[in-house]
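Visitor: The structure that follows is given in the form of structure tokens.
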Amino acid sequence: EITKEQRALIKAILDAYNRHQIPQDVTKKLLQEQYSAEENFLLLTEVATSQVQVLVEFTKNIPGFLSLDREDQIALLKGSAVEAMFLRSAQVLSKKMPSGHIEVLEERIRKSGMSEEFMTPMFNFYKSIGELHMTQEEQAILTTITILTPDRPYVKSHEAVERLQETMLEVLRKLCVLQHPQEPQYFARLLGRLTELRTLHHYHAEMLTSWKTNDHKFTPLLCEIWDVQ
Ligand SMILES: CC(C)c1onc(-c2c(Cl)cccc2Cl)c1COc1ccc(-c2ccc3c(C(=O)O)csc3c2)cc1
């Protein structure tokens, strides 16, 4: 069913996914620092900045990514960062073992000066990801598929990206059949989450604008990747 090449692909992606994580000293702060809207926003900004750095390193390990046009690599990273971070924070929030981060992270996101209208769709998404009980491989490959989305702004060689994404979609389809035999619709449900991610991405652009109008500051890396300021 899964070919030797596809197994190697899964291993490469999973190794990269597990190797590149936010350093403990950054995530530990989420547990330590006191609560206030300002402090929460600052902490989330620090964690998001660290997550973007992790994302850049992870992306370099996606087979075929570095052979894409250089400008397309940047366009894919800029276009997928928010969605990859929604996926990553969703996986953290839906973890079973209480890493302590879960309640704290949720609390800090809820009290970071974000307007109410984004909370509902965001936490519905977090809940829907939690209900899927994705395996590590599925999480890593779904993140890869999100990054390899061909129709991001400014992507020139659409076909080259599409070919890479299709390879990963086929791997994910086979994995879902193998790992969720009792749920024939599981693969379709995972792809449905990608659609929800696009909607959240639009909400996020408005979140940034409202944070900016309330004079919230971002780091240079976030400003660059999100084209703010
Ligand atoms: C600039 C900032 C205010 C912001 O703007 N939009 C969003 C934002 C929000 Cl509020 C929600 C979803 C996406 C984004 Cl970009 C954010 C915060 O983004 C985050 C990015 C990443 C994590 C995140 C990742 C991994 C882990 C791990 C782990 O790996 O062990 C343990 S704790 C944790 C925390 C949280 C928040």
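By convention in this document, the chains of the structure tokens carry letters A, B, ... by their order, each chain's residues are numbered from 1, and ligands are numbered from 1 in the order they are shown.
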Could you list, as a ChimeraX atom specification, all protein and nucleic acid residues with an atom at most 6 Å from ligand 1, counting only C-alpha atoms and all ligand atoms?

Guide: /A:21-22,27,41,44-45,47-48,51,82,85-86,88-89,92,101,109

Visitor: Quick one: everything within 12 Å of Ile62 in chain A, counting only C-alpha atoms, minus sequence neighbours fewer than 6 positions away in the same chain. Send it as an mmCIF file with N, CA and C atoms, in the first residue's frame.

Guide:
data_model
loop_
_atom_site.group_PDB
_atom_site.id
_atom_site.type_symbol
_atom_site.label_atom_id
_atom_site.label_comp_id
_atom_site.auth_asym_id
_atom_site.auth_seq_id
_atom_site.Cartn_x
_atom_site.Cartn_y
_atom_site.Cartn_z
ATOM 1 N N ALA A 8 9.766 6.653 3.324
ATOM 2 C CA ALA A 8 10.953 7.499 3.569
ATOM 3 C C ALA A 8 10.527 8.961 3.719
ATOM 4 N N LEU A 9 9.552 9.358 2.903
ATOM 5 C CA LEU A 9 9.027 10.736 2.949
ATOM 6 C C LEU A 9 8.401 11.016 4.324
ATOM 7 N N ILE A 10 7.591 10.074 4.783
ATOM 8 C CA ILE A 10 6.919 10.223 6.094
ATOM 9 C C ILE A 10 7.969 10.353 7.194
ATOM 10 N N LYS A 11 8.996 9.510 7.112
ATOM 11 C CA LYS A 11 10.044 9.523 8.147
ATOM 12 C C LYS A 11 10.787 10.862 8.153
ATOM 13 N N ALA A 12 11.122 11.351 6.940
ATOM 14 C CA ALA A 12 11.859 12.624 6.835
ATOM 15 C C ALA A 12 11.038 13.769 7.430
ATOM 16 N N ILE A 13 9.746 13.792 7.089
ATOM 17 C CA ILE A 13 8.865 14.886 7.565
ATOM 18 C C ILE A 13 8.678 14.794 9.077
ATOM 19 N N LEU A 14 8.439 13.573 9.578
ATOM 20 C CA LEU A 14 8.194 13.408 11.020
ATOM 21 C C LEU A 14 9.440 13.755 11.820
ATOM 22 N N ASP A 15 10.615 13.305 11.337
ATOM 23 C CA ASP A 15 11.873 13.639 12.041
ATOM 24 C C ASP A 15 12.028 15.161 12.124
ATOM 25 N N ALA A 16 11.811 15.831 10.995
ATOM 26 C CA ALA A 16 11.971 17.298 10.961
ATOM 27 C C ALA A 16 10.960 17.949 11.901
ATOM 28 N N TYR A 17 9.742 17.447 11.877
ATOM 29 C CA TYR A 17 8.667 18.015 12.708
ATOM 30 C C TYR A 17 9.013 17.899 14.187
ATOM 31 N N LEU A 55 9.320 27.083 12.137
ATOM 32 C CA LEU A 55 8.630 26.776 10.882
ATOM 33 C C LEU A 55 9.592 26.879 9.686
ATOM 34 N N VAL A 56 10.435 27.912 9.707
ATOM 35 C CA VAL A 56 11.403 28.101 8.615
ATOM 36 C C VAL A 56 12.356 26.906 8.557
ATOM 37 N N LEU A 68 12.683 24.454 -5.033
ATOM 38 C CA LEU A 68 11.725 25.409 -5.609
ATOM 39 C C LEU A 68 12.428 26.745 -5.819
ATOM 40 N N GLN A 73 9.745 30.055 -2.414
ATOM 41 C CA GLN A 73 9.923 29.519 -1.055
ATOM 42 C C GLN A 73 9.462 30.570 -0.031
ATOM 43 N N ALA A 140 2.224 16.279 11.161
ATOM 44 C CA ALA A 140 3.393 16.756 10.409
ATOM 45 C C ALA A 140 3.069 16.875 8.924
ATOM 46 N N ILE A 141 2.352 15.900 8.371
ATOM 47 C CA ILE A 141 2.061 15.923 6.937
ATOM 48 C C ILE A 141 0.986 16.940 6.593
ATOM 49 N N THR A 143 0.588 19.743 8.155
ATOM 50 C CA THR A 143 1.313 21.030 8.193
ATOM 51 C C THR A 143 2.087 21.222 6.896
ATOM 52 N N THR A 144 2.724 20.144 6.414
ATOM 53 C CA THR A 144 3.481 20.200 5.155
ATOM 54 C C THR A 144 2.553 20.548 3.987
ATOM 55 N N ILE A 145 1.381 19.924 3.959
ATOM 56 C CA ILE A 145 0.413 20.195 2.875
ATOM 57 C C ILE A 145 -0.036 21.659 2.911
ATOM 58 N N THR A 146 -0.191 22.180 4.124
ATOM 59 C CA THR A 146 -0.591 23.602 4.259
ATOM 60 C C THR A 146 0.505 24.507 3.704
ATOM 61 N N ILE A 147 1.753 24.176 3.997
ATOM 62 C CA ILE A 147 2.873 24.989 3.527
ATOM 63 C C ILE A 147 2.969 24.920 1.992
ATOM 64 N N LEU A 148 2.721 23.742 1.446
ATOM 65 C CA LEU A 148 2.846 23.534 -0.006
ATOM 66 C C LEU A 148 1.550 23.863 -0.746
ATOM 67 N N VAL A 161 4.859 23.625 -7.200
ATOM 68 C CA VAL A 161 4.358 23.511 -5.819
ATOM 69 C C VAL A 161 3.229 22.496 -5.762
ATOM 70 N N LEU A 164 4.455 18.926 -5.618
ATOM 71 C CA LEU A 164 4.928 18.554 -4.268
ATOM 72 C C LEU A 164 3.731 18.328 -3.345
ATOM 73 N N GLN A 165 2.740 19.207 -3.431
ATOM 74 C CA GLN A 165 1.588 19.069 -2.539
ATOM 75 C C GLN A 165 0.810 17.790 -2.835
ATOM 76 N N THR A 167 1.942 15.012 -4.022
ATOM 77 C CA THR A 167 2.697 13.863 -3.476
ATOM 78 C C THR A 167 2.364 13.683 -1.996
ATOM 79 N N MET A 168 2.333 14.812 -1.270
ATOM 80 C CA MET A 168 2.060 14.745 0.174
ATOM 81 C C MET A 168 0.595 14.387 0.434
#

Visitor: Between A:Lys217, A:Glu170, A:Glu83, A:Glu39, which residue has the minimum interatomic distance to Thr3 in chain A, considering only C-alpha atoms?

Guide: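 Ranked by minimum distance to Thr3 in chain A, first place goes to A:Glu170.
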
Visitor: Counting only C-alpha atoms, which of A:Val155, A:Leu190, A:Leu175, A:Gln53 gets nearest to His133 in chain A?

Guide: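 Under the stated criterion, the closest residue is A:Leu190.
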
Visitor: Excluding Glu38 in chain A and residues on its chain fewer than 3 positions from it, collect all residues at most 12 Å away from it, counting only C-alpha atoms, and give them as a ChimeraX atom specification.

Guide: /A:33-35,41-45,108-109,111-114,211,214-217

Visitor: Which is closest to Leu105 in chain A among A:Ser80, A:Lys28, A:Gln139, A:Asp151, if we use only C-alpha atoms?

Guide: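 Checking each of A:Ser80, A:Lys28, A:Gln139, A:Asp151 against Leu105 in chain A, counting only C-alpha atoms, the winner is A:Lys28.
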
Visitor: Provide the CA of Gln182 in chain A to CA of Lys4 in chain A distance in Å, to one decimal place.

Guide: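 Separation between CA of Gln182 in chain A and CA of Lys4 in chain A: 24.6 Å.
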
Visitor: One decimal, in Å: what's the spacing between CA of Asn18 in chain A and CA of Ser94 in chain A?

Guide: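 According to the coordinates, CA of Asn18 in chain A and CA of Ser94 in chain A are separated by 16.9 Å.
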
Visitor: Neighbours of Arg173 in chain A within 10 Å (only C-alpha atoms; same-chain residues fewer than 3 positions away dropped), as a PyMOL selection string?

Guide: chain A and resi 138+168-170+176-178+186-188+190-191

Visitor: Emit the selected residues as an mmCIF file, in the first residue's frame, including C-alpha atoms.

Guide:
data_model
loop_
_atom_site.group_PDB
_atom_site.id
_atom_site.type_symbol
_atom_site.label_atom_id
_atom_site.label_comp_id
_atom_site.auth_asym_id
_atom_site.auth_seq_id
_atom_site.Cartn_x
_atom_site.Cartn_y
_atom_site.Cartn_z
ATOM 1 C CA GLU A 138 -0.780 13.166 10.275
ATOM 2 C CA MET A 168 2.060 14.745 0.174
ATOM 3 C CA LEU A 169 -1.740 14.523 -0.253
ATOM 4 C CA GLU A 170 -1.399 10.988 -1.613
ATOM 5 C CA CYS A 176 -5.475 7.887 6.953
ATOM 6 C CA VAL A 177 -6.746 4.628 5.421
ATOM 7 C CA LEU A 178 -4.095 2.704 7.382
ATOM 8 C CA TYR A 186 -11.186 10.620 8.025
ATOM 9 C CA PHE A 187 -9.006 11.902 5.159
ATOM 10 C CA ALA A 188 -11.865 14.106 3.911
ATOM 11 C CA LEU A 190 -8.628 16.404 7.618
ATOM 12 C CA LEU A 191 -8.868 18.278 4.310
#

Visitor: Pick the closest to Glu106 in chain A from A:Leu142, A:Val52, A:Ala160, A:Leu31: which is it, counting only C-alpha atoms?

Guide: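 So, comparing all the options, the nearest one is A:Leu31.
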